[in-house]
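**Q** One file is attached below, coords23.pdb, containing PDB, C-alpha atoms.
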```pdb
ATOM      1  CA  MET A  23     -23.183 -22.640  -5.886
ATOM      2  CA  ILE A  24     -25.067 -22.014  -9.122
ATOM      3  CA  SER A  25     -27.738 -19.532 -10.168
ATOM      4  CA  GLN A  26     -31.235 -20.206  -8.854
ATOM      5  CA  ASN A  27     -32.412 -20.006 -12.469
ATOM      6  CA  PHE A  28     -31.180 -23.595 -12.856
ATOM      7  CA  ILE A  29     -34.138 -24.617 -10.670
ATOM      8  CA  PHE A  30     -36.368 -24.043 -13.690
ATOM      9  CA  LEU A  31     -34.654 -26.950 -15.503
ATOM     10  CA  ILE A  32     -35.961 -29.353 -12.879
ATOM     11  CA  PRO A  33     -39.557 -29.609 -14.222
ATOM     12  CA  PHE A  34     -38.224 -30.725 -17.614
ATOM     13  CA  ILE A  35     -35.879 -33.259 -16.012
ATOM     14  CA  HIS A  36     -38.680 -34.607 -13.815
ATOM     15  CA  ILE A  37     -41.235 -34.762 -16.634
ATOM     16  CA  TRP A  38     -38.773 -36.767 -18.747
ATOM     17  CA  GLY A  39     -38.410 -39.330 -15.948
ATOM     18  CA  GLN A  40     -42.120 -39.365 -15.140
ATOM     19  CA  VAL A  41     -43.218 -39.890 -18.752
ATOM     20  CA  SER A  42     -40.729 -42.752 -19.123
ATOM     21  CA  TYR A  43     -41.999 -44.426 -15.942
ATOM     22  CA  ILE A  44     -45.672 -43.886 -16.715
ATOM     23  CA  LEU A  45     -45.342 -45.280 -20.256
ATOM     24  CA  THR A  46     -43.611 -48.444 -19.024
ATOM     25  CA  THR A  47     -46.230 -48.740 -16.263
ATOM     26  CA  VAL A  48     -49.137 -48.485 -18.712
ATOM     27  CA  ARG A  49     -47.442 -51.134 -20.888
ATOM     28  CA  GLY A  50     -47.079 -53.423 -17.868
ATOM     29  CA  LYS A  51     -43.279 -53.545 -17.966
ATOM     30  CA  THR A  52     -42.815 -51.484 -14.803
ATOM     31  CA  LYS A  53     -44.747 -52.595 -11.730
ATOM     32  CA  PRO A  54     -45.002 -49.736  -9.225
ATOM     33  CA  ASN A  55     -45.776 -50.403  -5.600
ATOM     34  CA  ARG A  56     -48.948 -48.378  -5.033
ATOM     35  CA  VAL A  57     -48.336 -47.978  -1.304
ATOM     36  CA  SER A  58     -44.983 -46.252  -1.913
ATOM     37  CA  TRP A  59     -46.172 -44.077  -4.794
ATOM     38  CA  PHE A  60     -49.370 -42.942  -3.081
ATOM     39  CA  LEU A  61     -47.596 -42.055   0.155
ATOM     40  CA  TRP A  62     -44.723 -40.363  -1.720
ATOM     41  CA  ALA A  63     -47.302 -38.078  -3.355
ATOM     42  CA  VAL A  64     -49.180 -37.249  -0.130
ATOM     43  CA  ILE A  65     -46.026 -36.734   1.927
ATOM     44  CA  ALA A  66     -44.322 -34.512  -0.666
ATOM     45  CA  PHE A  67     -47.406 -32.281  -0.888
ATOM     46  CA  ILE A  68     -47.421 -31.951   2.912
ATOM     47  CA  ILE A  69     -43.728 -31.022   2.901
ATOM     48  CA  PHE A  70     -44.439 -28.576   0.057
ATOM     49  CA  SER A  71     -47.096 -26.888   2.213
ATOM     50  CA  ALA A  72     -44.766 -26.819   5.218
ATOM     51  CA  GLN A  73     -41.945 -25.313   3.151
ATOM     52  CA  ILE A  74     -44.266 -22.592   1.845
ATOM     53  CA  ASP A  75     -45.255 -21.909   5.460
ATOM     54  CA  GLU A  76     -41.560 -21.680   6.417
ATOM     55  CA  GLY A  77     -40.843 -19.204   3.591
ATOM     56  CA  VAL A  78     -38.739 -21.488   1.400
ATOM     57  CA  GLY A  79     -38.098 -19.964  -2.035
ATOM     58  CA  VAL A  80     -37.869 -21.527  -5.504
ATOM     59  CA  GLN A  81     -36.491 -24.760  -4.010
ATOM     60  CA  VAL A  82     -40.130 -25.749  -3.372
ATOM     61  CA  ILE A  83     -40.357 -26.628  -7.090
ATOM     62  CA  LEU A  84     -38.470 -29.872  -6.394
ATOM     63  CA  THR A  85     -40.849 -30.740  -3.555
ATOM     64  CA  PHE A  86     -43.951 -30.043  -5.622
ATOM     65  CA  LEU A  87     -42.655 -32.266  -8.434
ATOM     66  CA  ALA A  88     -41.748 -34.943  -5.871
ATOM     67  CA  GLY A  89     -45.475 -35.102  -5.110
ATOM     68  CA  PHE A  90     -46.925 -34.556  -8.570
ATOM     69  CA  GLY A  91     -44.853 -37.278 -10.273
ATOM     70  CA  PRO A  92     -45.755 -40.036  -7.803
ATOM     71  CA  LEU A  93     -49.419 -39.024  -8.012
ATOM     72  CA  MET A  94     -49.318 -39.493 -11.800
ATOM     73  CA  VAL A  95     -47.541 -42.851 -11.416
ATOM     74  CA  PHE A  96     -50.083 -43.977  -8.810
ATOM     75  CA  LEU A  97     -52.953 -43.117 -11.176
ATOM     76  CA  ALA A  98     -51.173 -44.769 -14.128
ATOM     77  CA  SER A  99     -50.856 -48.004 -12.150
ATOM     78  CA  PHE A 100     -54.621 -48.473 -12.541
ATOM     79  CA  ALA A 101     -54.416 -48.331 -16.354
ATOM     80  CA  ASN A 102     -52.904 -51.796 -16.666
ATOM     81  CA  LYS A 103     -53.854 -54.588 -14.258
ATOM     82  CA  LYS A 104     -50.470 -56.242 -14.833
ATOM     83  CA  ALA A 105     -48.662 -53.049 -13.869
ATOM     84  CA  TYR A 106     -49.215 -53.395 -10.145
ATOM     85  CA  TRP A 107     -46.954 -55.002  -7.596
ATOM     86  CA  LYS A 108     -48.984 -56.938  -5.020
ATOM     87  CA  ILE A 109     -49.317 -55.510  -1.528
ATOM     88  CA  SER A 110     -47.422 -57.407   1.181
ATOM     89  CA  ASN A 111     -47.450 -57.207   4.973
ATOM     90  CA  LEU A 112     -44.356 -54.989   4.706
ATOM     91  CA  ASP A 113     -46.331 -52.529   2.558
ATOM     92  CA  ILE A 114     -49.109 -52.391   5.145
ATOM     93  CA  VAL A 115     -46.735 -51.867   8.086
ATOM     94  CA  CYS A 116     -44.784 -49.133   6.249
ATOM     95  CA  GLY A 117     -48.009 -47.481   5.135
ATOM     96  CA  VAL A 118     -49.385 -47.411   8.698
ATOM     97  CA  LEU A 119     -46.111 -46.040  10.109
ATOM     98  CA  SER A 120     -46.037 -43.356   7.411
ATOM     99  CA  VAL A 121     -49.580 -42.285   8.207
ATOM    100  CA  LEU A 122     -48.693 -42.151  11.926
ATOM    101  CA  ALA A 123     -45.779 -39.831  11.157
ATOM    102  CA  ILE A 124     -48.142 -37.542   9.236
ATOM    103  CA  ILE A 125     -50.603 -37.554  12.154
ATOM    104  CA  LEU A 126     -47.763 -36.626  14.540
ATOM    105  CA  TRP A 127     -46.952 -33.652  12.295
ATOM    106  CA  LEU A 128     -50.591 -32.527  12.297
ATOM    107  CA  ALA A 129     -50.540 -32.723  16.092
ATOM    108  CA  THR A 130     -47.407 -30.550  16.375
ATOM    109  CA  GLY A 131     -48.530 -27.858  13.925
ATOM    110  CA  SER A 132     -44.893 -26.923  13.207
ATOM    111  CA  GLY A 133     -43.583 -26.626   9.650
ATOM    112  CA  LEU A 134     -40.120 -27.841  10.687
ATOM    113  CA  TYR A 135     -41.606 -30.826  12.533
ATOM    114  CA  ALA A 136     -43.723 -31.472   9.459
ATOM    115  CA  ILE A 137     -40.676 -31.625   7.219
ATOM    116  CA  GLY A 138     -38.717 -33.845   9.610
ATOM    117  CA  LEU A 139     -41.557 -36.241  10.364
ATOM    118  CA  CYS A 140     -42.588 -36.425   6.721
ATOM    119  CA  ILE A 141     -39.043 -37.279   5.643
ATOM    120  CA  ILE A 142     -39.178 -40.167   8.121
ATOM    121  CA  ALA A 143     -42.608 -41.115   6.761
ATOM    122  CA  ASP A 144     -41.309 -40.925   3.198
ATOM    123  CA  LEU A 145     -38.397 -43.190   4.065
ATOM    124  CA  LEU A 146     -40.780 -45.705   5.621
ATOM    125  CA  ALA A 147     -43.006 -45.504   2.548
ATOM    126  CA  SER A 148     -39.924 -46.175   0.395
ATOM    127  CA  ILE A 149     -39.093 -49.478   2.083
ATOM    128  CA  PRO A 150     -41.466 -51.598  -0.053
ATOM    129  CA  THR A 151     -40.040 -50.159  -3.290
ATOM    130  CA  ILE A 152     -36.471 -50.498  -2.000
ATOM    131  CA  ALA A 153     -37.140 -54.140  -1.109
ATOM    132  CA  LYS A 154     -38.707 -54.779  -4.507
ATOM    133  CA  SER A 155     -35.840 -53.058  -6.314
ATOM    134  CA  PHE A 156     -33.331 -55.095  -4.284
ATOM    135  CA  ASN A 157     -34.934 -58.409  -5.249
ATOM    136  CA  PHE A 158     -36.599 -57.653  -8.596
ATOM    137  CA  PRO A 159     -34.825 -54.711 -10.304
ATOM    138  CA  GLU A 160     -36.389 -55.659 -13.647
ATOM    139  CA  SER A 161     -39.799 -54.642 -12.232
ATOM    140  CA  GLU A 162     -38.688 -50.997 -12.011
ATOM    141  CA  ASN A 163     -37.560 -48.177 -14.331
ATOM    142  CA  PHE A 164     -34.498 -46.316 -13.057
ATOM    143  CA  VAL A 165     -34.958 -43.168 -15.197
ATOM    144  CA  ILE A 166     -37.495 -41.495 -12.894
ATOM    145  CA  PHE A 167     -35.244 -42.040  -9.876
ATOM    146  CA  ARG A 168     -32.105 -40.860 -11.696
ATOM    147  CA  ASN A 169     -33.863 -37.692 -12.842
ATOM    148  CA  ALA A 170     -35.252 -37.018  -9.358
ATOM    149  CA  MET A 171     -31.713 -37.363  -7.990
ATOM    150  CA  ILE A 172     -30.402 -34.888 -10.596
ATOM    151  CA  GLY A 173     -33.197 -32.453  -9.715
ATOM    152  CA  ALA A 174     -32.305 -32.724  -6.027
ATOM    153  CA  VAL A 175     -28.614 -32.082  -6.682
ATOM    154  CA  ILE A 176     -29.467 -29.011  -8.797
ATOM    155  CA  THR A 177     -31.716 -27.775  -5.988
ATOM    156  CA  LEU A 178     -28.939 -28.204  -3.421
ATOM    157  CA  LEU A 179     -26.476 -26.339  -5.632
ATOM    158  CA  THR A 180     -28.808 -23.317  -5.783
ATOM    159  CA  ILE A 181     -29.165 -22.892  -2.011
ATOM    160  CA  ASN A 182     -27.805 -19.595  -0.691
ATOM    161  CA  GLU A 183     -28.742 -20.077   2.949
ATOM    162  CA  TRP A 184     -28.638 -23.624   4.271
ATOM    163  CA  THR A 185     -31.495 -24.213   6.674
ATOM    164  CA  PHE A 186     -33.306 -27.407   7.571
ATOM    165  CA  ALA A 187     -36.487 -26.221   5.849
ATOM    166  CA  VAL A 188     -34.683 -25.472   2.589
ATOM    167  CA  SER A 189     -32.187 -28.333   2.362
ATOM    168  CA  ALA A 190     -33.358 -31.390   4.326
ATOM    169  CA  PHE A 191     -35.871 -32.770   1.820
ATOM    170  CA  ALA A 192     -33.553 -32.170  -1.163
ATOM    171  CA  ILE A 193     -30.708 -34.018   0.605
ATOM    172  CA  TYR A 194     -33.050 -36.884   1.415
ATOM    173  CA  ILE A 195     -34.382 -37.029  -2.180
ATOM    174  CA  ALA A 196     -30.833 -37.104  -3.574
ATOM    175  CA  LEU A 197     -29.799 -39.983  -1.292
ATOM    176  CA  ILE A 198     -32.920 -42.151  -1.553
ATOM    177  CA  ASN A 199     -32.956 -41.878  -5.328
ATOM    178  CA  LEU A 200     -29.230 -42.653  -5.541
ATOM    179  CA  LEU A 201     -29.957 -45.865  -3.626
ATOM    180  CA  LEU A 202     -32.799 -46.780  -5.984
ATOM    181  CA  VAL A 203     -30.667 -46.097  -9.072
ATOM    182  CA  LEU A 204     -27.945 -48.367  -7.680
ATOM    183  CA  LEU A 205     -30.476 -51.124  -6.998
ATOM    184  CA  ILE A 206     -32.355 -50.849 -10.316
ATOM    185  CA  LYS A 207     -29.825 -49.770 -12.932
ATOM    186  CA  PHE A 208     -26.737 -51.423 -11.480
ATOM    187  CA  LYS A 209     -28.576 -54.296  -9.736
ATOM    188  CA  PHE A 210     -26.639 -53.905  -6.494
ATOM    189  CA  GLY A 211     -29.185 -56.034  -4.654
ATOM    190  CA  LEU A 212     -28.620 -59.011  -6.951
ATOM    191  CA  LEU A 213     -24.853 -58.507  -6.751
ATOM    192  CA  ILE A 214     -25.022 -58.592  -2.944
ATOM    193  CA  LYS A 215     -27.240 -61.700  -2.995
ATOM    194  CA  ASN A 216     -24.877 -63.461  -5.414
ATOM    195  CA  LYS A 217     -21.837 -62.582  -3.250
ATOM    196  CA  LEU A 218     -23.564 -63.957  -0.159
ATOM    197  CA  ALA A 219     -24.644 -67.103  -2.014
ATOM    198  CA  THR A 220     -21.065 -67.904  -3.095
ATOM    199  CA  ARG A 221     -19.674 -67.731   0.452
TER     200      ARG A 221
END
```
Once more with this new file: its structure as structure tokens, please.
**A**
Amino acid sequence: MISQNFIFLIPFIHIWGQVSYILTTVRGKTKPNRVSWFLWAVIAFIIFSAQIDEGVGVQVILTFLAGFGPLMVFLASFANKKAYWKISNLDIVCGVLSVLAIILWLATGSGLYAIGLCIIADLLASIPTIAKSFNFPESENFVIFRNAMIGAVITLLTINEWTFAVSAFAIYIALINLLLVLLIKFKFGLLIKNKLATR
């Protein structure tokens, strides 16, 4: 375990990744999936609210940034018409399922249910970007995902009392971003496809 003061490094780490992603989006090199980025922003802000309600401490900084960054990316995707990945049926299905998970949380009124259901919703919202990163890693920028993963690991290392409210979203963020880094930076999706093609 490390000092909770390390949490205050996370905004700088996140901003570095977000600026890198936004700049490549504006230039048209990175093509964000708007469904994923919009839902990531909404869901993270809901989890942020639920964590505040559950009394989570400074670890909420990661959650807030997990919403703020995607919101900025979503807005940046409108700056360059070439910087947008087209919506598919998969995007629509995942978007609808994510919204349903949010509605279920609103119906329960429980902060813990909110966190759990929103993690499921976030995972569903991630599927279009995971699929795109699997097939077209060159359409993404791994830096934002790597930095989010680092921020999540730092958050986990600062936890004194492990509860679902405090740790669940950080664990999820670490794992989902690790997957995206593997797909984008190391092109695991293309490696898998090539292995299957040579059989």
**Q** Which polymer residues have any atom within 8 Å of an atom of Ala98 in chain A, counting all atoms listed in the file, with same-chain residues fewer than 4 positions away left out, as a PDB file with C-alpha atoms, keeping the file's coordinate frame?
**A**
```
ATOM      1  CA  ILE A  44     -45.672 -43.886 -16.715  1.00  0.00           C
ATOM      2  CA  THR A  47     -46.230 -48.740 -16.263  1.00  0.00           C
ATOM      3  CA  VAL A  48     -49.137 -48.485 -18.712  1.00  0.00           C
ATOM      4  CA  MET A  94     -49.318 -39.493 -11.800  1.00  0.00           C
ATOM      5  CA  ASN A 102     -52.904 -51.796 -16.666  1.00  0.00           C
TER       6      ASN A 102
END
```
**Q** Can you tell me how far CA of Ile35 in chain A sits from CA of Thr177 in chain A, in Å to one decimal?
**A**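 Interatomic distance here is 12.2 Å.
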**Q** Which residues would end up in the selection if the PyMOL selection byres ((chain A and resi 60-63) around 10) were applied here, given that I need the answer as a PyMOL selection string?
**A** chain A and resi 55-59+64-68+85-97+116-117+120-121+140-141+143-148
**Q** Might you pull out every residue within 12 Å of Gly77 in chain A, with all atoms listed in the file counted and same-chain residues fewer than 2 positions away left off, and present them as a list in words?
**A**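 Everything that qualifies: Phe70, Ser71, Ala72, Gln73, Ile74, Asp75, Gly79, Val80, Gln81, Val82, Gly133, Leu134, Thr185, Phe186, Ala187 and Val188 of chain A.
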**Q** Calculate how many Å separate CA of Leu200 in chain A from CA of Leu119 in chain A, rounding to one decimal.
**A**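 Separation between CA of Leu200 in chain A and CA of Leu119 in chain A: 23.3 Å.
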**Q** Between A:Gly138, A:Val203, A:Leu178, A:Asn169, which has the minimum distance to Trp38 in chain A (counting all atoms listed in the file)?
**A**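 Selected residue with least distance to Trp38 in chain A: A:Asn169.
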**Q** Smallest atom-to-atom distance to Ile198 in chain A: which of A:Thr52, A:Asn111, A:Ser132, A:Thr151, using all atoms listed in the file?
**A** A:Thr151
**Q** Can you work out the spacing between CA of Ile69 in chain A and CA of Ala136 in chain A in Å, to one decimal?
**A**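 Separation between CA of Ile69 in chain A and CA of Ala136 in chain A: 6.6 Å.
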**Q** Expand the PyMOL selection byres ((chain A and resi 159) around 10) into the explicit residue set it covers here, and present it as a PyMOL selection string.
**A** chain A and resi 52+151-158+160-164+202-212
**Q** Taking into account all atoms listed in the file, which residue in the set A:Ala192, A:Ile172, A:Met23, A:Leu45 is nearest to Ala105 in chain A?
**A**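 The shortest atom-to-atom distance to Ala105 in chain A comes from A:Leu45.
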**Q** Measuring atom to atom with all atoms listed in the file, identify which of A:Ala196, A:Ala190, A:Leu112, A:Leu84 is nearest to Leu139 in chain A.
**A**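 So, comparing all the options, the nearest one is A:Ala190.
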**Q** Once you count all atoms listed in the file, which residues end up no further than 12 Å from (-37.8, -30.0, -17.9) in the file's frame, shown as a list in words?
**A** Phe28, Ile29, Phe30, Leu31, Ile32, Pro33, Phe34, Ile35, His36, Ile37, Trp38, Gly39, Gln40, Val41, Ile83, Leu84, Leu87, Asn169, Ala170, Ile172 and Gly173 of chain A
**Q** Here is a test: counting all atoms listed in the file, which residue of A:Ile149, A:Ile195, A:Ile109, A:Ile114 is nearest to Ala174 in chain A?
**A**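 So, comparing all the options, the nearest one is A:Ile195.
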